[in-house]
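With mmCIF, C-alpha atoms (C1' of nucleotides) inside, this is coords.cif:
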data_entry
loop_
_atom_site.label_atom_id
_atom_site.label_comp_id
_atom_site.auth_asym_id
_atom_site.auth_seq_id
_atom_site.Cartn_x
_atom_site.Cartn_y
_atom_site.Cartn_z
CA MET A 1 9.45 17.23 -26.22
CA LEU A 2 6.76 15.51 -24.24
CA LYS A 3 7.25 11.81 -24.49
CA ALA A 4 4.16 9.66 -24.43
CA ALA A 5 4.61 6.82 -22.00
CA ALA A 6 4.00 4.36 -24.80
CA GLU A 7 7.08 5.56 -26.63
CA MET A 8 9.41 4.94 -23.75
CA ILE A 9 11.23 1.77 -22.98
CA ASP A 10 9.85 0.17 -19.88
CA PRO A 11 12.44 -2.31 -18.70
CA LEU A 12 9.98 -3.66 -16.14
CA ASN A 13 7.09 -4.81 -18.23
CA ARG A 14 8.12 -8.43 -18.18
CA TYR A 15 8.90 -8.53 -14.51
CA PRO A 16 6.26 -10.51 -12.63
CA GLY A 17 6.92 -8.49 -9.49
CA TYR A 18 6.25 -5.23 -11.26
CA LEU A 19 3.19 -6.55 -13.04
CA LEU A 20 1.95 -7.95 -9.76
CA ARG A 21 2.10 -4.55 -8.17
CA ARG A 22 0.43 -2.81 -11.07
CA ALA A 23 -2.30 -5.42 -11.28
CA SER A 24 -2.91 -5.32 -7.56
CA LEU A 25 -3.09 -1.54 -7.51
CA ALA A 26 -5.56 -1.47 -10.39
CA ALA A 27 -7.71 -4.10 -8.71
CA MET A 28 -7.68 -2.25 -5.40
CA VAL A 29 -8.80 0.96 -7.01
CA ALA A 30 -11.60 -0.87 -8.78
CA LEU A 31 -12.70 -2.55 -5.57
CA ALA A 32 -12.56 0.64 -3.54
CA THR A 33 -14.74 2.31 -6.15
CA ARG A 34 -17.22 -0.53 -5.99
CA LEU A 35 -17.39 -0.41 -2.20
CA ALA A 36 -17.62 3.36 -1.93
CA PRO A 37 -21.44 3.38 -2.20
CA LEU A 38 -21.49 1.14 0.91
CA ASP A 39 -19.19 3.58 2.70
CA LEU A 40 -16.67 0.82 3.30
CA ARG A 41 -13.05 0.47 2.52
CA PRO A 42 -11.73 -2.88 1.31
CA GLY A 43 -10.29 -3.77 4.70
CA GLU A 44 -13.53 -3.06 6.50
CA ALA A 45 -15.58 -5.05 4.02
CA THR A 46 -13.15 -7.93 4.32
CA VAL A 47 -13.36 -7.93 8.10
CA LEU A 48 -17.14 -8.03 7.95
CA THR A 49 -17.15 -11.08 5.69
CA VAL A 50 -14.67 -12.80 7.99
CA ILE A 51 -16.89 -12.09 10.97
CA GLU A 52 -19.81 -13.62 9.13
CA ALA A 53 -17.80 -16.74 8.35
CA ASN A 54 -16.33 -16.92 11.87
CA PRO A 55 -18.79 -15.47 14.31
CA ASN A 56 -17.49 -14.79 17.80
CA SER A 57 -13.90 -14.50 16.73
CA THR A 58 -11.96 -11.87 18.61
CA GLN A 59 -10.41 -8.99 16.78
CA SER A 60 -7.01 -10.49 17.48
CA ASP A 61 -8.09 -13.69 15.75
CA ILE A 62 -9.23 -11.73 12.74
CA GLY A 63 -6.12 -9.62 12.70
CA ARG A 64 -3.98 -12.73 12.62
CA LEU A 65 -5.96 -14.18 9.76
CA LEU A 66 -5.86 -11.06 7.64
CA GLU A 67 -2.47 -9.86 8.83
CA ILE A 68 -3.84 -6.64 10.18
CA ALA A 69 -1.89 -5.45 13.21
CA ARG A 70 -3.80 -5.40 16.49
CA ALA A 71 -3.16 -1.71 16.78
CA ASN A 72 -4.90 -1.13 13.46
CA MET A 73 -7.78 -3.49 14.17
CA ALA A 74 -8.89 -1.39 17.13
CA PRO A 75 -10.08 1.71 15.27
CA LEU A 76 -11.38 -0.38 12.38
CA VAL A 77 -13.58 -2.49 14.65
CA SER A 78 -14.57 0.55 16.60
CA ARG A 79 -15.86 2.21 13.49
CA LEU A 80 -17.85 -0.85 12.47
CA ALA A 81 -19.33 -1.05 15.97
CA SER A 82 -20.22 2.63 16.00
CA ARG A 83 -22.11 2.09 12.76
CA GLU A 84 -23.89 -0.78 14.50
CA LEU A 85 -22.78 -3.28 11.92
CA ILE A 86 -21.21 -5.53 14.55
CA GLU A 87 -21.58 -6.19 18.25
CA ARG A 88 -19.04 -7.22 20.83
CA GLN A 89 -20.05 -10.28 22.86
CA PRO A 90 -18.00 -10.76 26.01
CA VAL A 91 -15.75 -13.82 25.93
CA ASP A 92 -13.92 -13.08 29.15
CA ARG A 93 -13.04 -9.87 30.91
CA ARG A 94 -10.30 -9.14 28.42
CA SER A 95 -11.67 -9.97 25.01
CA HIS A 96 -14.94 -10.25 23.19
CA GLY A 97 -16.22 -12.09 20.18
CA LEU A 98 -17.51 -10.14 17.23
CA VAL A 99 -20.85 -10.88 15.64
CA LEU A 100 -22.87 -9.17 12.95
CA THR A 101 -25.95 -7.20 13.83
CA ARG A 102 -29.05 -7.42 11.69
CA SER A 103 -27.96 -4.45 9.62
CA GLY A 104 -24.45 -5.91 9.49
CA ARG A 105 -25.87 -9.08 8.00
CA SER A 106 -27.74 -7.23 5.34
CA LEU A 107 -24.69 -5.16 4.52
CA VAL A 108 -22.57 -8.30 4.22
CA ALA A 109 -25.00 -9.58 1.61
CA ARG A 110 -24.28 -6.49 -0.43
CA ILE A 111 -20.56 -6.80 0.20
CA LYS A 112 -20.55 -10.35 -1.06
CA ALA A 113 -22.37 -9.27 -4.18
CA ALA A 114 -19.81 -6.52 -4.72
CA PHE A 115 -16.93 -8.93 -4.15
CA ALA A 116 -18.41 -11.44 -6.55
CA ALA A 117 -18.88 -8.80 -9.23
CA HIS A 118 -15.36 -7.54 -8.65
CA GLU A 119 -13.80 -10.98 -8.91
CA GLN A 120 -15.88 -11.71 -11.97
CA THR A 121 -14.58 -8.55 -13.63
CA LEU A 122 -11.02 -9.56 -12.87
CA LEU A 123 -11.43 -13.10 -14.12
CA GLU A 124 -13.03 -11.95 -17.34
CA LYS A 125 -9.79 -10.29 -18.32
CA ILE A 126 -7.99 -13.60 -18.24
CA PRO A 127 -8.56 -16.28 -20.88
CA ALA A 128 -10.47 -19.15 -19.33
CA SER A 129 -7.71 -21.57 -20.21
CA HIS A 130 -5.25 -19.63 -18.07
CA ARG A 131 -7.35 -19.02 -15.02
CA ASN A 132 -6.40 -22.05 -12.98
CA ALA A 133 -2.71 -21.55 -13.56
CA PHE A 134 -3.08 -17.89 -12.75
CA ILE A 135 -4.85 -18.48 -9.48
CA SER A 136 -2.55 -21.23 -8.35
CA GLY A 137 0.40 -18.98 -9.13
CA LEU A 138 -1.07 -16.27 -6.95
CA GLN A 139 -1.67 -18.74 -4.16
CA ALA A 140 1.96 -19.84 -4.32
CA LEU A 141 3.17 -16.25 -4.04
CA ALA A 142 0.69 -15.28 -1.36
CA GLU A 143 1.52 -18.20 0.88
CA LYS A 144 2.75 -17.30 4.27
CA THR A 145 6.24 -18.45 5.00
CA SER A 146 5.26 -20.84 7.79
CA ASN A 147 5.77 -18.54 10.73
CA GLY A 148 3.06 -19.21 13.23
CA ASN A 149 2.07 -15.56 13.52
CA MET B 1 -9.66 -19.21 23.29
CA LEU B 2 -6.96 -17.97 20.95
CA LYS B 3 -7.79 -19.12 17.50
CA ALA B 4 -4.88 -19.87 15.20
CA ALA B 5 -5.43 -18.24 11.86
CA ALA B 6 -5.21 -21.64 10.20
CA GLU B 7 -8.28 -22.82 12.07
CA MET B 8 -10.48 -20.02 10.86
CA ILE B 9 -12.52 -19.97 7.73
CA ASP B 10 -11.10 -17.53 5.26
CA PRO B 11 -13.83 -16.82 2.74
CA LEU B 12 -11.36 -14.94 0.59
CA ASN B 13 -8.72 -17.49 -0.16
CA ARG B 14 -10.06 -18.30 -3.58
CA TYR B 15 -10.60 -14.73 -4.62
CA PRO B 16 -8.03 -13.69 -7.20
CA GLY B 17 -8.31 -10.08 -6.06
CA TYR B 18 -7.50 -10.97 -2.50
CA LEU B 19 -4.67 -13.29 -3.49
CA LEU B 20 -3.34 -10.60 -5.79
CA ARG B 21 -3.09 -8.17 -2.94
CA ARG B 22 -1.48 -10.65 -0.60
CA ALA B 23 1.00 -11.76 -3.23
CA SER B 24 1.85 -8.22 -4.17
CA LEU B 25 2.36 -7.21 -0.56
CA ALA B 26 4.63 -10.17 0.12
CA ALA B 27 6.65 -9.42 -3.00
CA MET B 28 6.99 -5.75 -2.11
CA VAL B 29 8.28 -6.56 1.34
CA ALA B 30 10.80 -8.98 -0.11
CA LEU B 31 11.94 -6.43 -2.67
CA ALA B 32 12.21 -3.63 -0.14
CA THR B 33 14.36 -5.89 2.02
CA ARG B 34 16.58 -6.71 -0.91
CA LEU B 35 17.03 -3.04 -1.81
CA ALA B 36 17.58 -1.81 1.72
CA PRO B 37 21.36 -2.39 1.57
CA LEU B 38 21.43 0.00 -1.41
CA ASP B 39 19.46 2.57 0.60
CA LEU B 40 16.77 2.62 -2.06
CA ARG B 41 13.07 2.08 -1.95
CA PRO B 42 11.41 0.16 -4.77
CA GLY B 43 10.14 3.32 -6.46
CA GLU B 44 13.54 4.95 -6.45
CA ALA B 45 15.25 1.87 -7.82
CA THR B 46 12.60 1.62 -10.52
CA VAL B 47 13.08 5.23 -11.55
CA LEU B 48 16.82 4.72 -11.83
CA THR B 49 16.42 1.76 -14.17
CA VAL B 50 13.97 3.72 -16.28
CA ILE B 51 16.44 6.58 -16.54
CA GLU B 52 19.09 4.16 -17.68
CA ALA B 53 16.79 2.76 -20.36
CA ASN B 54 15.54 6.23 -21.38
CA PRO B 55 18.29 8.75 -20.81
CA ASN B 56 17.28 12.39 -21.01
CA SER B 57 13.66 11.74 -20.23
CA THR B 58 12.08 14.39 -18.09
CA GLN B 59 10.65 13.51 -14.73
CA SER B 60 7.19 14.10 -16.14
CA ASP B 61 7.87 11.50 -18.82
CA ILE B 62 8.98 9.03 -16.20
CA GLY B 63 6.04 9.81 -13.96
CA ARG B 64 3.66 9.11 -16.81
CA LEU B 65 5.32 5.80 -17.56
CA LEU B 66 5.33 4.60 -13.97
CA GLU B 67 2.13 6.34 -12.92
CA ILE B 68 3.84 8.37 -10.27
CA ALA B 69 2.21 11.76 -9.82
CA ARG B 70 4.35 14.75 -10.77
CA ALA B 71 4.02 16.05 -7.25
CA ASN B 72 5.58 12.88 -5.93
CA MET B 73 8.29 12.69 -8.56
CA ALA B 74 9.76 15.98 -7.40
CA PRO B 75 11.07 14.92 -3.99
CA LEU B 76 12.01 11.49 -5.31
CA VAL B 77 14.17 12.93 -8.09
CA SER B 78 15.53 15.50 -5.74
CA ARG B 79 16.75 12.85 -3.38
CA LEU B 80 18.41 10.89 -6.19
CA ALA B 81 20.09 14.07 -7.40
CA SER B 82 21.29 15.02 -3.94
CA ARG B 83 22.90 11.59 -3.70
CA GLU B 84 24.56 12.34 -7.03
CA LEU B 85 23.08 9.30 -8.67
CA ILE B 86 21.51 11.36 -11.45
CA GLU B 87 22.07 14.73 -13.09
CA ARG B 88 19.62 17.16 -14.61
CA GLN B 89 20.53 18.21 -18.14
CA PRO B 90 18.68 21.30 -19.32
CA VAL B 91 16.22 20.62 -22.13
CA ASP B 92 14.70 24.07 -22.13
CA ARG B 93 14.20 26.64 -19.43
CA ARG B 94 11.32 24.73 -17.98
CA SER B 95 12.39 21.10 -17.95
CA HIS B 96 15.48 18.98 -17.90
CA GLY B 97 16.41 15.49 -18.96
CA LEU B 98 17.64 13.05 -16.37
CA VAL B 99 20.80 11.04 -16.86
CA LEU B 100 22.76 8.74 -14.62
CA THR B 101 26.06 9.84 -13.15
CA ARG B 102 28.95 7.46 -12.98
CA SER B 103 27.97 6.35 -9.52
CA GLY B 104 24.36 6.13 -10.66
CA ARG B 105 25.41 3.75 -13.39
CA SER B 106 27.24 1.52 -11.02
CA LEU B 107 24.32 1.54 -8.63
CA VAL B 108 21.94 0.60 -11.44
CA ALA B 109 24.06 -2.44 -12.11
CA ARG B 110 23.49 -3.54 -8.55
CA ILE B 111 19.78 -2.69 -8.80
CA LYS B 112 19.41 -4.82 -11.86
CA ALA B 113 21.09 -7.70 -10.11
CA ALA B 114 18.74 -7.27 -7.16
CA PHE B 115 15.70 -7.10 -9.45
CA ALA B 116 16.81 -10.21 -11.32
CA ALA B 117 17.31 -12.12 -8.10
CA HIS B 118 13.96 -10.93 -6.83
CA GLU B 119 12.11 -11.96 -9.97
CA GLN B 120 13.91 -15.26 -9.98
CA THR B 121 12.77 -15.90 -6.42
CA LEU B 122 9.20 -15.14 -7.36
CA LEU B 123 9.23 -17.31 -10.45
CA GLU B 124 10.70 -20.23 -8.59
CA LYS B 125 7.56 -20.45 -6.53
CA ILE B 126 5.49 -21.10 -9.61
CA PRO B 127 5.64 -24.38 -11.50
CA ALA B 128 7.41 -23.82 -14.82
CA SER B 129 4.40 -25.07 -16.72
CA HIS B 130 2.26 -22.29 -15.27
CA ARG B 131 4.59 -19.36 -15.64
CA ASN B 132 3.52 -18.11 -19.04
CA ALA B 133 -0.14 -18.23 -18.16
CA PHE B 134 0.59 -16.53 -14.88
CA ILE B 135 2.53 -13.68 -16.43
CA SER B 136 0.06 -13.11 -19.23
CA GLY B 137 -2.72 -13.03 -16.66
CA LEU B 138 -0.89 -10.35 -14.74
CA GLN B 139 -0.33 -8.37 -17.90
CA ALA B 140 -4.01 -8.50 -18.68
CA LEU B 141 -4.89 -7.18 -15.23
CA ALA B 142 -2.16 -4.56 -15.18
CA GLU B 143 -3.09 -3.13 -18.53
CA LYS B 144 -4.02 0.49 -18.50
CA THR B 145 -7.53 1.21 -19.61
CA SER B 146 -6.61 3.19 -22.70
CA ASN B 147 -6.76 6.64 -21.22
CA GLY B 148 -4.02 8.70 -22.76
CA ASN B 149 -2.67 9.91 -19.43
"C1'" DT C 1 -2.35 -21.97 44.73
"C1'" DG C 2 0.29 -18.25 43.32
"C1'" DC C 3 3.09 -15.98 40.35
"C1'" DA C 4 5.62 -15.14 35.78
"C1'" DG C 5 4.98 -14.48 31.34
"C1'" DA C 6 1.87 -14.09 27.53
"C1'" DT C 7 -2.24 -11.95 25.49
"C1'" DT C 8 -5.96 -8.42 24.67
"C1'" DG C 9 -7.53 -4.12 23.43
"C1'" DC C 10 -6.09 0.24 23.03
"C1'" DT C 11 -3.59 5.00 22.38
"C1'" DA C 12 -0.16 7.46 20.40
"C1'" DT C 13 2.96 7.97 16.98
"C1'" DA C 14 5.97 7.26 12.76
"C1'" DT C 15 6.55 5.96 8.09
"C1'" DT C 16 5.34 5.48 3.52
"C1'" DA C 17 2.60 5.78 -0.60
"C1'" DT C 18 -0.53 8.27 -2.86
"C1'" DA C 19 -3.64 12.17 -4.17
"C1'" DT C 20 -5.24 17.03 -4.71
"C1'" DA C 21 -4.68 21.98 -5.01
"C1'" DG C 22 -2.34 25.58 -6.35
"C1'" DC C 23 1.67 28.38 -7.72
"C1'" DT C 24 5.17 30.37 -11.08
"C1'" DA C 25 7.71 30.06 -15.10
"C1'" DT C 26 7.82 28.55 -19.50
"C1'" DC C 27 6.48 26.52 -23.85
"C1'" DG C 28 3.74 25.52 -28.17
"C1'" DC C 29 0.68 26.92 -31.32
"C1'" DC C 30 -2.83 29.47 -33.67
"C1'" DG D 1 1.20 38.23 -29.42
"C1'" DG D 2 -1.23 35.92 -26.53
"C1'" DC D 3 -3.89 31.84 -24.73
"C1'" DG D 4 -3.98 27.40 -23.10
"C1'" DA D 5 -1.17 23.56 -21.79
"C1'" DT D 6 2.86 21.82 -19.38
"C1'" DA D 7 6.99 21.43 -16.03
"C1'" DG D 8 8.56 21.48 -11.65
"C1'" DC D 9 7.56 22.31 -7.20
"C1'" DT D 10 5.40 23.13 -2.33
"C1'" DA D 11 2.09 22.21 0.80
"C1'" DT D 12 -1.22 19.37 2.40
"C1'" DA D 13 -4.61 15.42 2.94
"C1'" DT D 14 -5.68 10.63 3.11
"C1'" DA D 15 -4.64 5.91 3.92
"C1'" DA D 16 -2.31 1.78 5.01
"C1'" DT D 17 0.93 0.01 7.78
"C1'" DA D 18 4.31 -0.45 11.66
"C1'" DT D 19 6.30 0.19 16.35
"C1'" DA D 20 6.18 1.24 21.26
"C1'" DG D 21 4.08 1.06 25.25
"C1'" DC D 22 0.33 0.41 28.78
"C1'" DA D 23 -3.18 -1.51 31.98
"C1'" DA D 24 -6.05 -5.29 32.63
"C1'" DT D 25 -6.47 -9.95 32.32
"C1'" DC D 26 -5.56 -14.69 31.38
"C1'" DT D 27 -2.83 -19.18 31.33
"C1'" DG D 28 0.19 -22.52 32.64
"C1'" DC D 29 3.51 -24.27 35.51
"C1'" DA D 30 6.19 -24.75 39.73
#
Could you render the structure as structure tokens?
Amino acid sequence: MLKAAAEMIDPLNRYPGYLLRRASLAAMVALATRLAPLDLRPGEATVLTVIEANPNSTQSDIGRLLEIARANMAPLVSRLASRELIERQPVDRRSHGLVLTRSGRSLVARIKAAFAAHEQTLLEKIPASHRNAFISGLQALAEKTSNGN
Amino acid sequence: MLKAAAEMIDPLNRYPGYLLRRASLAAMVALATRLAPLDLRPGEATVLTVIEANPNSTQSDIGRLLEIARANMAPLVSRLASRELIERQPVDRRSHGLVLTRSGRSLVARIKAAFAAHEQTLLEKIPASHRNAFISGLQALAEKTSNGN
DNA sequence: TGCAGATTGCTATATTATATAGCTATCGCC
DNA sequence: GGCGATAGCTATATAATATAGCAATCTGCA
């Protein structure tokens, strides 16, 4: 009486919202797998690339950009610092700017290679003629709803 | 020295994988908000619509279809049953088929309306000329990689 | 200039989704 | 008849995310 999933009616398979979730989940698993050899989770790798692109940003700045709550940035940054991938440069007595260390810079090079390979793998699944429409659709859905936070 | 997120360089804004995650997250929050008045989370609402479309499926069947682990289906189904939205019909002494109760059926009608409104809201953000390419792109990324599970 | 209110980094905690391990009872099939 | 697979379930682990609150510090305005 076991029913194979393929034999069941899935009323959701045409729903963009459902597909979006499934696609995102699959991509996240693939990315996490790719980053595992670097001992980084996707959020950590992302923060490192943002620090490279915006040296001396505070962790609040980065949290705002990536929509990571301040409370969750603290342990994340702390772990990166304890691995000596980043350093905290004092900005004032309350905050500090984050910069990559030498080993952070070399790790970011590997992260960017992993990201590029990951994105390449995703794009390859989509016919070239659809890629621009696909990406601009994602941008429209990902857009923040104009709250300054 | 506060940097507005808009002033920072975001090296990820052209990455489909990153956009996918942001879009999916935004859509999930919107859907959860829409379902909150029904006291349902997205997964529960989804399971109810699948039961309607596939009456008498076992919870293992449904878990396979939606990729929800058996271990996590148990409490989910149990909660729906305790709210008398579904009933368990014995199939054999080991498993049972799930069917909607009367109140489950009327709730599913409201769920489907909420889903339709949600999907409509998502689609409206995408130019009509891009929608087909967008959806087929999502389908390509969401596709399971041919493992029988 | 001095103070009120905002911000920073942080801890602690709660919620939710997801994943693994393992258990018993039962089923299907050879 | 019995072995391996499956169903449902509990307990537990991991992770991402969210809120509350706190002390130190900063900023801007009266």
For the contact check between chain A and chain C, emit one row per residue of chain A within 9 Å, containing the shortest atom pair and the distance in Å rounded to one decimal, counting only C-alpha atoms (C1' of nucleotides), chain then rising number order, as CSV.
residue,atom,partner,partner_atom,distance
A:Gln59,CA,C:DG9,C1',8.7
A:Ser60,CA,C:DT8,C1',7.6
A:Arg70,CA,C:DG9,C1',8.0
A:Ala71,CA,C:DC10,C1',7.2
A:Ala74,CA,C:DC10,C1',6.7
A:Pro75,CA,C:DC10,C1',8.8
A:Arg94,CA,C:DT8,C1',5.8
A:Ser95,CA,C:DT8,C1',5.9
Taking all atoms listed in the file into account, what are the residues of chain B at most 8 Å from chain A, put as a PyMOL selection string?
-> chain B and resi 2-6+8-11+14-17+19-24+26-28+49-50+53-54+57+61-62+64-65+118-119+122-123+125-127+130-131+133-135+137-143
Taking all atoms listed in the file into account, what are the residues of chain D at most 12 Å from chain A, put as a ChimeraX atom specification?
-> /D:5-7,15-21,23-26
Expressed in Å to a single decimal, how great is the separation between CA of Val77 in chain B and C1' of DG4 in chain D?
->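 Interatomic distance, CA of Val77 in chain B to C1' of DG4 in chain D: 27.6 Å.
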I would like the residues chosen by the PyMOL selection byres ((chain B and resi 84) around 12) on the shown file; could you give them as a ChimeraX atom specification?
-> /B:48,77-83,85-88,98-107
Using the incomplete input, complete range 7-22 of chain B to the level of N, CA and C atoms; output as a CSV table (one decimal), in the frame of the given file.
chain,number,residue,atom,x,y,z
B,7,GLU,N,-7.0,-22.1,11.7
B,7,GLU,CA,-8.3,-22.8,12.1
B,7,GLU,C,-9.5,-22.0,11.7
B,8,MET,N,-9.3,-20.8,11.2
B,8,MET,CA,-10.5,-20.0,10.9
B,8,MET,C,-10.8,-20.2,9.4
B,9,ILE,N,-12.1,-19.9,9.1
B,9,ILE,CA,-12.5,-20.0,7.7
B,9,ILE,C,-12.2,-18.7,7.1
B,10,ASP,N,-11.4,-18.7,6.0
B,10,ASP,CA,-11.1,-17.5,5.3
B,10,ASP,C,-11.9,-17.5,4.0
B,11,PRO,N,-13.0,-16.8,3.9
B,11,PRO,CA,-13.8,-16.8,2.7
B,11,PRO,C,-13.2,-16.2,1.5
B,12,LEU,N,-12.0,-15.7,1.7
B,12,LEU,CA,-11.4,-14.9,0.6
B,12,LEU,C,-10.3,-15.7,-0.1
B,13,ASN,N,-9.9,-16.9,0.4
B,13,ASN,CA,-8.7,-17.5,-0.2
B,13,ASN,C,-8.8,-18.0,-1.6
B,14,ARG,N,-10.0,-17.9,-2.2
B,14,ARG,CA,-10.1,-18.3,-3.6
B,14,ARG,C,-10.3,-17.1,-4.5
B,15,TYR,N,-10.3,-15.9,-3.8
B,15,TYR,CA,-10.6,-14.7,-4.6
B,15,TYR,C,-9.3,-14.2,-5.2
B,16,PRO,N,-9.3,-14.2,-6.6
B,16,PRO,CA,-8.0,-13.7,-7.2
B,16,PRO,C,-7.6,-12.3,-6.7
B,17,GLY,N,-8.6,-11.4,-6.5
B,17,GLY,CA,-8.3,-10.1,-6.1
B,17,GLY,C,-7.6,-10.1,-4.7
B,18,TYR,N,-8.1,-10.9,-3.8
B,18,TYR,CA,-7.5,-11.0,-2.5
B,18,TYR,C,-6.1,-11.6,-2.6
B,19,LEU,N,-6.0,-12.7,-3.3
B,19,LEU,CA,-4.7,-13.3,-3.5
B,19,LEU,C,-3.7,-12.3,-4.1
B,20,LEU,N,-4.2,-11.6,-5.1
B,20,LEU,CA,-3.3,-10.6,-5.8
B,20,LEU,C,-2.7,-9.6,-4.8
B,21,ARG,N,-3.6,-9.1,-3.9
B,21,ARG,CA,-3.1,-8.2,-2.9
B,21,ARG,C,-2.1,-8.8,-2.0
B,22,ARG,N,-2.4,-10.0,-1.5
B,22,ARG,CA,-1.5,-10.6,-0.6
B,22,ARG,C,-0.2,-11.0,-1.3
